[in-house]
Amino acid sequence: MPILAKNITLLCFLFCAIQAFSQPVEDKITQLSEVVVVSQSPVKQVQKTAYNVVAIEAQQLRNLNSNAADMLSRVSGVKMRENGGVGAEANINLNGFTGQHVRVFIDGVPMNDANASFRINNIPTELIDRIEIYKGVVPITFGTDALGGAINIVMRKNNHNFADLSYTFGSFNTHKSTLNIGHSLTDNISVKLSAYQNYSDNNYKVFTQYLDLQTGTYSKNKHWFSRFHDRYHNEAIIGQVNIFNEKWADKLSFALNYSQEDKQLQNANLMQIVFGGKYRKSHTYASSIEYEKKEIIKNLNFFLSAHYDLTNTNNVDEQPRQYSWNGDYREKPTRGEAQYQNTILEGRTAYITSHLDYQPKKAHSFQLSHTFTNYQRINKNQIITPYTLQSDFMKRINQKNITGISYKLTLSNRWNSLAFAKYYNTRVTGPAIVSGNGYNALYKEITHSSETVGYGAATTYQLLKNLQTKISYEKSYRLPNDRELFGDGDLEIGDNQLKPEHSDNINLNISYQPSFKNHSFLIESALAYRHTKDYIIRNISSAGAGTSKNHGQVRNLSADLSLRYFYLKKFSIGTNITYMDIRNKEQKTSTGANSIIYNDRLPNIPYLFGNADASYNIPNIIAKNDLLSISYNTFYTERFYLSWQSEGAKITVPRQLSHDINLTYQTPNKRINLSLEAKNITDELLYDNYSLQKAGRAFYA
């Protein structure tokens, strides 16, 4: 398949080149009696590119209790996975790739994993303009090493005076608020202040086994308990100054932000282990600068973005107790519920990206980009415990350089193609065992480097007015991230010897958007093939500790289908479904024996899921020009195994079907919006990663 893909790509570009040179693309001189300028929205512009990309606007969800994760959960081929309630860890499953395989960006800048306040399920939709979902090939301007796609959250930008304020309250003592203010100081200078907070007790009920603290055994039957140690709150404030339309800069932006998180840690794995005293606190200071200048010389544009983050994280586990789900506990002879600690980790992240765009002729354009990332973490303070290792006080450094070059050929408004190459260089420093093992091991700081080259191509063709097809191929690489290499200082165990993943990816997408008077439709389907080597898989131990390792070869075939109907601006209904066949293709074990899990589905990954929604708008219901909107959403996930099936997997995440209803009223002047929302109205038992239970029925206003 990889060889076939390369041949298809080569033939495609040979044909494009022949067309380009046999049919000159210089503009013809035509007598026009009238010039009509038609502008396209950013969403439409993105969809016309050769990238297999979907763009969704945030406007429809801004009046609800929603965030970036809620927006993504409605997209075909995307499955959002959360470990619990507000503030829980969230992962994205995109066409079979999950977790760290999918890169997440905010305005083209990688999301800092260490900054928990800016998780994808914390950012409110009030601050978002749109989200771009790249399924496969990712533009080189992102400077990324994504394996199977990327998510780019585009924040709202206004150069006029405005003020938005929202407040949400609801079940489990949940409170969320957002403030967004912009003011123009002059025709060329504006300032912006954004802030948000999330708070919840997360004291929803869970259905699990009771631990008898005297005998240390679990009950055979499950019982209902209320979570009692899962409070979460975070706050963030962002200040920005924008200078635009100057002779020396089309845009110059400065930003400073501060965020903090306070999270109680309730449970580790399979709803059995429960904590009553562990917690984590963190705070981040971040600064950034962006510069953009078009036509620095004729047809040459320049862009630069630089960011620096400082994050302090405090993991605390000091209580000498073991808890049961009813809140009872027994004293332990040793301190710590999981691993006795009170550790402060200091992480520093520097990020610089720049790119040059050159378009000598209308049909030809080139891009050159370079991205530098440097992450460094040290233990700033730690008490000495029986679990303390020599390696805990050694530096962890992860440095990446990614250089990309691309060429785009635009034959007409109906056809454009691109080819690109990326050079990856990484340098990792961290502790490695030189002798012994366990708590008696001796460590040494070791640095190792690697470099490689990836490449690919993509093309799109407008077959008919409303029928578009896209195909792409990429030899992609993903470098292990900071958490996989160094852990999180708590239950995530790092391995700085991890090798980069590399994959041959093929994507095919077809979309059809017919319209008839008051009716319009969207029909979209996609196929994807991935063959990955040195695939990084994450395992969870019975004690809840997570480890990442290079597994071997994995093959993924996936398909998704999306259908949607619109009647004027009054009514819409749609559905999408995704199927993924992700199989282990490593025939031998590390000892050379035949693997009994060969051709098994990868565990802990949903393989069949979908959702449906409908909305109806009723204008002039109380006053002229007001609007009442009613919407319904349902989410479906087929059951899946938590471990390898051929090894006797017994625990599964069950089949799930949940329903949400929303009611929103907008005043005639559009300045006030009121909404009511009911989530999981049938109170279904919902689970996700490693069978962790999510909240039941909940109401928000």
# chains A, B, ... in the order shown; residues from 1 in each chain; ligands from 1

call {"tool": "residues_around", "arguments": {"residues": "stretch 485-491 of chain A", "least_positions_apart": "6", "cutoff": "8 Å", "atoms": "only C-alpha atoms", "output": "PyMOL selection string"}}
result
chain A and resi 315+339+343+345+396+430+497-498+544-546

call {"tool": "write_last_selection", "arguments": {"atoms": "C-alpha atoms", "output": "compact mmCIF listing (two decimals), in the first residue's frame"}}
result
# COMPACT_ATOMS: atom_id res chain seq x y z
CA ASN A 315 1.70 16.76 43.43
CA GLN A 339 3.16 6.93 46.39
CA THR A 343 6.84 17.28 44.81
CA LEU A 345 7.98 20.28 39.31
CA ARG A 396 14.75 16.38 31.71
CA GLY A 430 17.22 12.43 30.85
CA GLN A 497 14.41 6.05 25.39
CA LEU A 498 11.16 5.92 23.39
CA GLY A 544 -3.26 3.00 38.23
CA ALA A 545 0.28 3.85 37.03
CA GLY A 546 0.55 4.66 33.33

call {"tool": "residues_around", "arguments": {"residues": "A:Lys135", "least_positions_apart": "2", "cutoff": "9 Å", "atoms": "only C-alpha atoms", "output": "mmCIF file with all heavy atoms, in the first residue's frame"}}
result
data_model
loop_
_atom_site.group_PDB
_atom_site.id
_atom_site.type_symbol
_atom_site.label_atom_id
_atom_site.label_comp_id
_atom_site.auth_asym_id
_atom_site.auth_seq_id
_atom_site.Cartn_x
_atom_site.Cartn_y
_atom_site.Cartn_z
ATOM 1 N N TYR A 51 -6.025 20.072 1.776
ATOM 2 C CA TYR A 51 -5.989 19.348 3.046
ATOM 3 C C TYR A 51 -7.365 18.765 3.349
ATOM 4 O O TYR A 51 -8.393 19.398 3.094
ATOM 5 C CB TYR A 51 -5.568 20.274 4.186
ATOM 6 C CG TYR A 51 -4.207 20.882 4.008
ATOM 7 C CD1 TYR A 51 -4.069 22.220 3.637
ATOM 8 C CD2 TYR A 51 -3.058 20.119 4.193
ATOM 9 C CE1 TYR A 51 -2.811 22.777 3.465
ATOM 10 C CE2 TYR A 51 -1.807 20.676 4.023
ATOM 11 C CZ TYR A 51 -1.687 22.008 3.651
ATOM 12 O OH TYR A 51 -0.450 22.552 3.471
ATOM 13 N N ASN A 52 -7.382 17.552 3.890
ATOM 14 C CA ASN A 52 -8.636 16.940 4.325
ATOM 15 C C ASN A 52 -8.988 17.544 5.678
ATOM 16 O O ASN A 52 -8.618 17.022 6.731
ATOM 17 C CB ASN A 52 -8.476 15.423 4.413
ATOM 18 C CG ASN A 52 -9.784 14.727 4.721
ATOM 19 O OD1 ASN A 52 -10.838 15.355 4.767
ATOM 20 N ND2 ASN A 52 -9.720 13.432 4.944
ATOM 21 N N VAL A 53 -9.684 18.663 5.633
ATOM 22 C CA VAL A 53 -9.908 19.457 6.831
ATOM 23 C C VAL A 53 -11.385 19.798 6.957
ATOM 24 O O VAL A 53 -12.071 20.062 5.961
ATOM 25 C CB VAL A 53 -9.050 20.745 6.820
ATOM 26 C CG1 VAL A 53 -9.309 21.568 5.581
ATOM 27 C CG2 VAL A 53 -9.282 21.573 8.075
ATOM 28 N N VAL A 54 -11.876 19.758 8.172
ATOM 29 C CA VAL A 54 -13.231 20.176 8.498
ATOM 30 C C VAL A 54 -13.127 21.365 9.435
ATOM 31 O O VAL A 54 -12.336 21.347 10.390
ATOM 32 C CB VAL A 54 -14.022 19.041 9.173
ATOM 33 C CG1 VAL A 54 -15.398 19.522 9.595
ATOM 34 C CG2 VAL A 54 -14.149 17.852 8.237
ATOM 35 N N GLY A 77 -15.852 11.285 12.671
ATOM 36 C CA GLY A 77 -14.486 10.778 12.784
ATOM 37 C C GLY A 77 -13.777 11.175 14.055
ATOM 38 O O GLY A 77 -12.653 10.754 14.294
ATOM 39 N N LEU A 94 -9.093 10.553 16.769
ATOM 40 C CA LEU A 94 -9.315 11.080 15.427
ATOM 41 C C LEU A 94 -8.925 10.028 14.400
ATOM 42 O O LEU A 94 -7.742 9.729 14.220
ATOM 43 C CB LEU A 94 -8.498 12.362 15.222
ATOM 44 C CG LEU A 94 -8.534 13.001 13.827
ATOM 45 C CD1 LEU A 94 -9.958 13.383 13.457
ATOM 46 C CD2 LEU A 94 -7.629 14.234 13.789
ATOM 47 N N ASN A 95 -9.941 9.448 13.749
ATOM 48 C CA ASN A 95 -9.719 8.432 12.715
ATOM 49 C C ASN A 95 -8.768 7.330 13.178
ATOM 50 O O ASN A 95 -7.899 6.881 12.429
ATOM 51 C CB ASN A 95 -9.187 9.080 11.432
ATOM 52 C CG ASN A 95 -10.301 9.725 10.623
ATOM 53 O OD1 ASN A 95 -11.465 9.628 10.977
ATOM 54 N ND2 ASN A 95 -9.939 10.387 9.555
ATOM 55 N N ILE A 133 -10.190 20.854 11.966
ATOM 56 C CA ILE A 133 -9.804 19.468 12.221
ATOM 57 C C ILE A 133 -9.135 18.917 10.966
ATOM 58 O O ILE A 133 -9.783 18.755 9.927
ATOM 59 C CB ILE A 133 -11.018 18.590 12.597
ATOM 60 C CG1 ILE A 133 -11.727 19.160 13.825
ATOM 61 C CG2 ILE A 133 -10.593 17.150 12.844
ATOM 62 C CD1 ILE A 133 -12.945 19.981 13.489
ATOM 63 N N VAL A 137 -2.889 14.871 6.458
ATOM 64 C CA VAL A 137 -1.828 15.842 6.192
ATOM 65 C C VAL A 137 -2.108 17.154 6.923
ATOM 66 O O VAL A 137 -3.227 17.663 6.906
ATOM 67 C CB VAL A 137 -1.699 16.090 4.674
ATOM 68 C CG1 VAL A 137 -0.756 17.246 4.395
ATOM 69 C CG2 VAL A 137 -1.208 14.816 3.982
ATOM 70 N N VAL A 138 -1.065 17.699 7.560
ATOM 71 C CA VAL A 138 -1.163 18.944 8.326
ATOM 72 C C VAL A 138 -0.244 19.985 7.674
ATOM 73 O O VAL A 138 0.879 19.661 7.280
ATOM 74 C CB VAL A 138 -0.740 18.718 9.790
ATOM 75 C CG1 VAL A 138 -0.813 20.006 10.592
ATOM 76 C CG2 VAL A 138 -1.615 17.643 10.423
ATOM 77 N N GLY A 148 -1.366 11.428 12.930
ATOM 78 C CA GLY A 148 -2.586 11.149 12.193
ATOM 79 C C GLY A 148 -3.535 12.319 12.085
ATOM 80 O O GLY A 148 -4.709 12.142 11.783
ATOM 81 N N GLY A 149 -3.086 13.532 12.318
ATOM 82 C CA GLY A 149 -3.967 14.680 12.195
ATOM 83 C C GLY A 149 -3.701 15.712 13.278
ATOM 84 O O GLY A 149 -2.845 15.531 14.142
ATOM 85 N N ALA A 150 -4.449 16.803 13.224
ATOM 86 C CA ALA A 150 -4.249 17.892 14.179
ATOM 87 C C ALA A 150 -5.543 18.665 14.366
ATOM 88 O O ALA A 150 -6.418 18.683 13.492
ATOM 89 C CB ALA A 150 -3.140 18.829 13.705
ATOM 90 N N ILE A 151 -5.653 19.312 15.516
ATOM 91 C CA ILE A 151 -6.784 20.171 15.866
ATOM 92 C C ILE A 151 -6.238 21.576 16.088
ATOM 93 O O ILE A 151 -5.306 21.764 16.876
ATOM 94 C CB ILE A 151 -7.478 19.695 17.154
ATOM 95 C CG1 ILE A 151 -7.855 18.214 17.075
ATOM 96 C CG2 ILE A 151 -8.685 20.566 17.460
ATOM 97 C CD1 ILE A 151 -8.878 17.854 16.052
ATOM 98 N N ASN A 507 -5.359 9.149 2.754
ATOM 99 C CA ASN A 507 -6.691 9.664 3.074
ATOM 100 C C ASN A 507 -7.453 9.983 1.792
ATOM 101 O O ASN A 507 -6.891 10.562 0.856
ATOM 102 C CB ASN A 507 -6.596 10.948 3.911
ATOM 103 C CG ASN A 507 -6.072 10.692 5.308
ATOM 104 O OD1 ASN A 507 -6.826 10.366 6.206
ATOM 105 N ND2 ASN A 507 -4.772 10.823 5.472
ATOM 106 N N ALA A 528 -9.598 6.126 5.372
ATOM 107 C CA ALA A 528 -8.213 6.354 5.796
ATOM 108 C C ALA A 528 -7.501 5.019 5.985
ATOM 109 O O ALA A 528 -8.095 4.051 6.479
ATOM 110 C CB ALA A 528 -8.171 7.158 7.097
#

call {"tool": "residues_around", "arguments": {"residues": "A:Thr373", "least_positions_apart": "3", "cutoff": "10 Å", "atoms": "only C-alpha atoms", "output": "ChimeraX atom specification"}}
result
/A:110,143,306-308,349-353,398-402,426

call {"tool": "atom_distance", "arguments": {"atom1": "atom CA of A:Ser406", "atom2": "atom CA of A:Met111"}}
result
24.1 Å

call {"tool": "closest_residue", "arguments": {"among": "A:Glu524, A:Glu337, A:Glu295, A:Glu290", "to": "A:Lys470", "atoms": "only C-alpha atoms"}}
result
A:Glu524

call {"tool": "residues_around", "arguments": {"residues": "stretch 367-370 of chain A", "least_positions_apart": "6", "cutoff": "12 Å", "atoms": "only C-alpha atoms", "output": "PyMOL selection string"}}
result
chain A and resi 139-144+299-306+351-360+400-409+418-425

call {"tool": "decode", "arguments": {"residues": "stretch 205-232 of chain A", "atoms": "N, CA, C and O atoms", "output": "PDB file, in the first residue's frame"}}
result
ATOM      1  N   LYS A 205     -22.946  10.489  41.380  1.00  0.00           N
ATOM      2  CA  LYS A 205     -22.965   9.129  41.899  1.00  0.00           C
ATOM      3  C   LYS A 205     -22.295   8.152  40.932  1.00  0.00           C
ATOM      4  O   LYS A 205     -22.402   8.307  39.717  1.00  0.00           O
ATOM      5  N   VAL A 206     -21.611   7.162  41.500  1.00  0.00           N
ATOM      6  CA  VAL A 206     -20.962   6.129  40.707  1.00  0.00           C
ATOM      7  C   VAL A 206     -21.453   4.758  41.179  1.00  0.00           C
ATOM      8  O   VAL A 206     -21.835   4.589  42.342  1.00  0.00           O
ATOM      9  N   PHE A 207     -21.429   3.804  40.274  1.00  0.00           N
ATOM     10  CA  PHE A 207     -21.930   2.456  40.541  1.00  0.00           C
ATOM     11  C   PHE A 207     -20.745   1.502  40.492  1.00  0.00           C
ATOM     12  O   PHE A 207     -20.223   1.192  39.414  1.00  0.00           O
ATOM     13  N   THR A 208     -20.275   1.077  41.664  1.00  0.00           N
ATOM     14  CA  THR A 208     -19.054   0.279  41.689  1.00  0.00           C
ATOM     15  C   THR A 208     -19.034  -0.641  42.917  1.00  0.00           C
ATOM     16  O   THR A 208     -19.974  -0.642  43.721  1.00  0.00           O
ATOM     17  N   GLN A 209     -17.941  -1.381  43.064  1.00  0.00           N
ATOM     18  CA  GLN A 209     -17.827  -2.352  44.148  1.00  0.00           C
ATOM     19  C   GLN A 209     -17.338  -1.692  45.441  1.00  0.00           C
ATOM     20  O   GLN A 209     -16.560  -0.737  45.410  1.00  0.00           O
ATOM     21  N   TYR A 210     -17.799  -2.248  46.549  1.00  0.00           N
ATOM     22  CA  TYR A 210     -17.410  -1.760  47.872  1.00  0.00           C
ATOM     23  C   TYR A 210     -16.201  -2.544  48.372  1.00  0.00           C
ATOM     24  O   TYR A 210     -16.146  -3.773  48.283  1.00  0.00           O
ATOM     25  N   LEU A 211     -15.208  -1.819  48.880  1.00  0.00           N
ATOM     26  CA  LEU A 211     -14.010  -2.441  49.447  1.00  0.00           C
ATOM     27  C   LEU A 211     -14.176  -2.600  50.962  1.00  0.00           C
ATOM     28  O   LEU A 211     -14.357  -1.618  51.677  1.00  0.00           O
ATOM     29  N   ASP A 212     -14.095  -3.857  51.424  1.00  0.00           N
ATOM     30  CA  ASP A 212     -14.105  -4.130  52.860  1.00  0.00           C
ATOM     31  C   ASP A 212     -12.697  -3.873  53.392  1.00  0.00           C
ATOM     32  O   ASP A 212     -11.761  -4.611  53.102  1.00  0.00           O
ATOM     33  N   LEU A 213     -12.549  -2.793  54.175  1.00  0.00           N
ATOM     34  CA  LEU A 213     -11.226  -2.380  54.635  1.00  0.00           C
ATOM     35  C   LEU A 213     -10.620  -3.371  55.626  1.00  0.00           C
ATOM     36  O   LEU A 213      -9.396  -3.405  55.810  1.00  0.00           O
ATOM     37  N   GLN A 214     -11.457  -4.175  56.274  1.00  0.00           N
ATOM     38  CA  GLN A 214     -10.931  -5.139  57.239  1.00  0.00           C
ATOM     39  C   GLN A 214     -10.332  -6.355  56.541  1.00  0.00           C
ATOM     40  O   GLN A 214      -9.271  -6.854  56.913  1.00  0.00           O
ATOM     41  N   THR A 215     -11.010  -6.847  55.505  1.00  0.00           N
ATOM     42  CA  THR A 215     -10.540  -8.059  54.808  1.00  0.00           C
ATOM     43  C   THR A 215      -9.763  -7.742  53.540  1.00  0.00           C
ATOM     44  O   THR A 215      -9.059  -8.609  53.010  1.00  0.00           O
ATOM     45  N   GLY A 216      -9.917  -6.502  53.014  1.00  0.00           N
ATOM     46  CA  GLY A 216      -9.221  -6.131  51.775  1.00  0.00           C
ATOM     47  C   GLY A 216      -9.853  -6.745  50.542  1.00  0.00           C
ATOM     48  O   GLY A 216      -9.209  -6.802  49.485  1.00  0.00           O
ATOM     49  N   THR A 217     -11.112  -7.193  50.634  1.00  0.00           N
ATOM     50  CA  THR A 217     -11.793  -7.808  49.495  1.00  0.00           C
ATOM     51  C   THR A 217     -12.923  -6.896  49.006  1.00  0.00           C
ATOM     52  O   THR A 217     -13.471  -6.088  49.763  1.00  0.00           O
ATOM     53  N   TYR A 218     -13.267  -7.058  47.715  1.00  0.00           N
ATOM     54  CA  TYR A 218     -14.336  -6.269  47.100  1.00  0.00           C
ATOM     55  C   TYR A 218     -15.640  -7.060  47.115  1.00  0.00           C
ATOM     56  O   TYR A 218     -15.658  -8.282  46.973  1.00  0.00           O
ATOM     57  N   SER A 219     -16.742  -6.354  47.262  1.00  0.00           N
ATOM     58  CA  SER A 219     -18.055  -6.990  47.242  1.00  0.00           C
ATOM     59  C   SER A 219     -18.339  -7.553  45.849  1.00  0.00           C
ATOM     60  O   SER A 219     -17.854  -7.041  44.843  1.00  0.00           O
ATOM     61  N   LYS A 220     -19.121  -8.621  45.798  1.00  0.00           N
ATOM     62  CA  LYS A 220     -19.468  -9.217  44.504  1.00  0.00           C
ATOM     63  C   LYS A 220     -20.423  -8.325  43.731  1.00  0.00           C
ATOM     64  O   LYS A 220     -20.347  -8.230  42.507  1.00  0.00           O
ATOM     65  N   ASN A 221     -21.336  -7.682  44.433  1.00  0.00           N
ATOM     66  CA  ASN A 221     -22.321  -6.814  43.788  1.00  0.00           C
ATOM     67  C   ASN A 221     -21.878  -5.354  43.853  1.00  0.00           C
ATOM     68  O   ASN A 221     -21.161  -4.943  44.771  1.00  0.00           O
ATOM     69  N   LYS A 222     -22.349  -4.573  42.901  1.00  0.00           N
ATOM     70  CA  LYS A 222     -22.026  -3.147  42.860  1.00  0.00           C
ATOM     71  C   LYS A 222     -23.070  -2.347  43.634  1.00  0.00           C
ATOM     72  O   LYS A 222     -24.224  -2.761  43.773  1.00  0.00           O
ATOM     73  N   HIS A 223     -22.645  -1.182  44.139  1.00  0.00           N
ATOM     74  CA  HIS A 223     -23.520  -0.304  44.901  1.00  0.00           C
ATOM     75  C   HIS A 223     -23.321   1.136  44.419  1.00  0.00           C
ATOM     76  O   HIS A 223     -22.333   1.460  43.755  1.00  0.00           O
ATOM     77  N   TRP A 224     -24.276   2.013  44.787  1.00  0.00           N
ATOM     78  CA  TRP A 224     -24.176   3.428  44.430  1.00  0.00           C
ATOM     79  C   TRP A 224     -23.451   4.205  45.525  1.00  0.00           C
ATOM     80  O   TRP A 224     -23.744   4.048  46.707  1.00  0.00           O
ATOM     81  N   PHE A 225     -22.491   5.047  45.109  1.00  0.00           N
ATOM     82  CA  PHE A 225     -21.756   5.913  46.030  1.00  0.00           C
ATOM     83  C   PHE A 225     -21.632   7.305  45.399  1.00  0.00           C
ATOM     84  O   PHE A 225     -21.618   7.443  44.181  1.00  0.00           O
ATOM     85  N   SER A 226     -21.522   8.321  46.229  1.00  0.00           N
ATOM     86  CA  SER A 226     -21.261   9.681  45.754  1.00  0.00           C
ATOM     87  C   SER A 226     -19.765   9.956  45.813  1.00  0.00           C
ATOM     88  O   SER A 226     -19.112   9.650  46.827  1.00  0.00           O
ATOM     89  N   ARG A 227     -19.239  10.542  44.749  1.00  0.00           N
ATOM     90  CA  ARG A 227     -17.827  10.933  44.777  1.00  0.00           C
ATOM     91  C   ARG A 227     -17.651  11.978  45.877  1.00  0.00           C
ATOM     92  O   ARG A 227     -18.457  12.898  46.010  1.00  0.00           O
ATOM     93  N   PHE A 228     -16.580  11.847  46.665  1.00  0.00           N
ATOM     94  CA  PHE A 228     -16.420  12.713  47.832  1.00  0.00           C
ATOM     95  C   PHE A 228     -15.103  13.480  47.837  1.00  0.00           C
ATOM     96  O   PHE A 228     -14.848  14.280  48.726  1.00  0.00           O
ATOM     97  N   HIS A 229     -14.253  13.264  46.842  1.00  0.00           N
ATOM     98  CA  HIS A 229     -12.945  13.931  46.824  1.00  0.00           C
ATOM     99  C   HIS A 229     -12.549  14.188  45.367  1.00  0.00           C
ATOM    100  O   HIS A 229     -11.571  13.671  44.875  1.00  0.00           O
ATOM    101  N   ASP A 230     -13.375  14.990  44.680  1.00  0.00           N
ATOM    102  CA  ASP A 230     -13.122  15.237  43.253  1.00  0.00           C
ATOM    103  C   ASP A 230     -13.378  16.693  42.882  1.00  0.00           C
ATOM    104  O   ASP A 230     -13.697  17.006  41.744  1.00  0.00           O
ATOM    105  N   ARG A 231     -13.243  17.600  43.859  1.00  0.00           N
ATOM    106  CA  ARG A 231     -13.459  19.026  43.582  1.00  0.00           C
ATOM    107  C   ARG A 231     -12.415  19.546  42.597  1.00  0.00           C
ATOM    108  O   ARG A 231     -11.240  19.168  42.657  1.00  0.00           O
ATOM    109  N   TYR A 232     -12.867  20.416  41.710  1.00  0.00           N
ATOM    110  CA  TYR A 232     -11.948  20.983  40.717  1.00  0.00           C
ATOM    111  C   TYR A 232     -12.275  22.455  40.498  1.00  0.00           C
ATOM    112  O   TYR A 232     -13.450  22.837  40.413  1.00  0.00           O
TER     113      TYR A 232
END
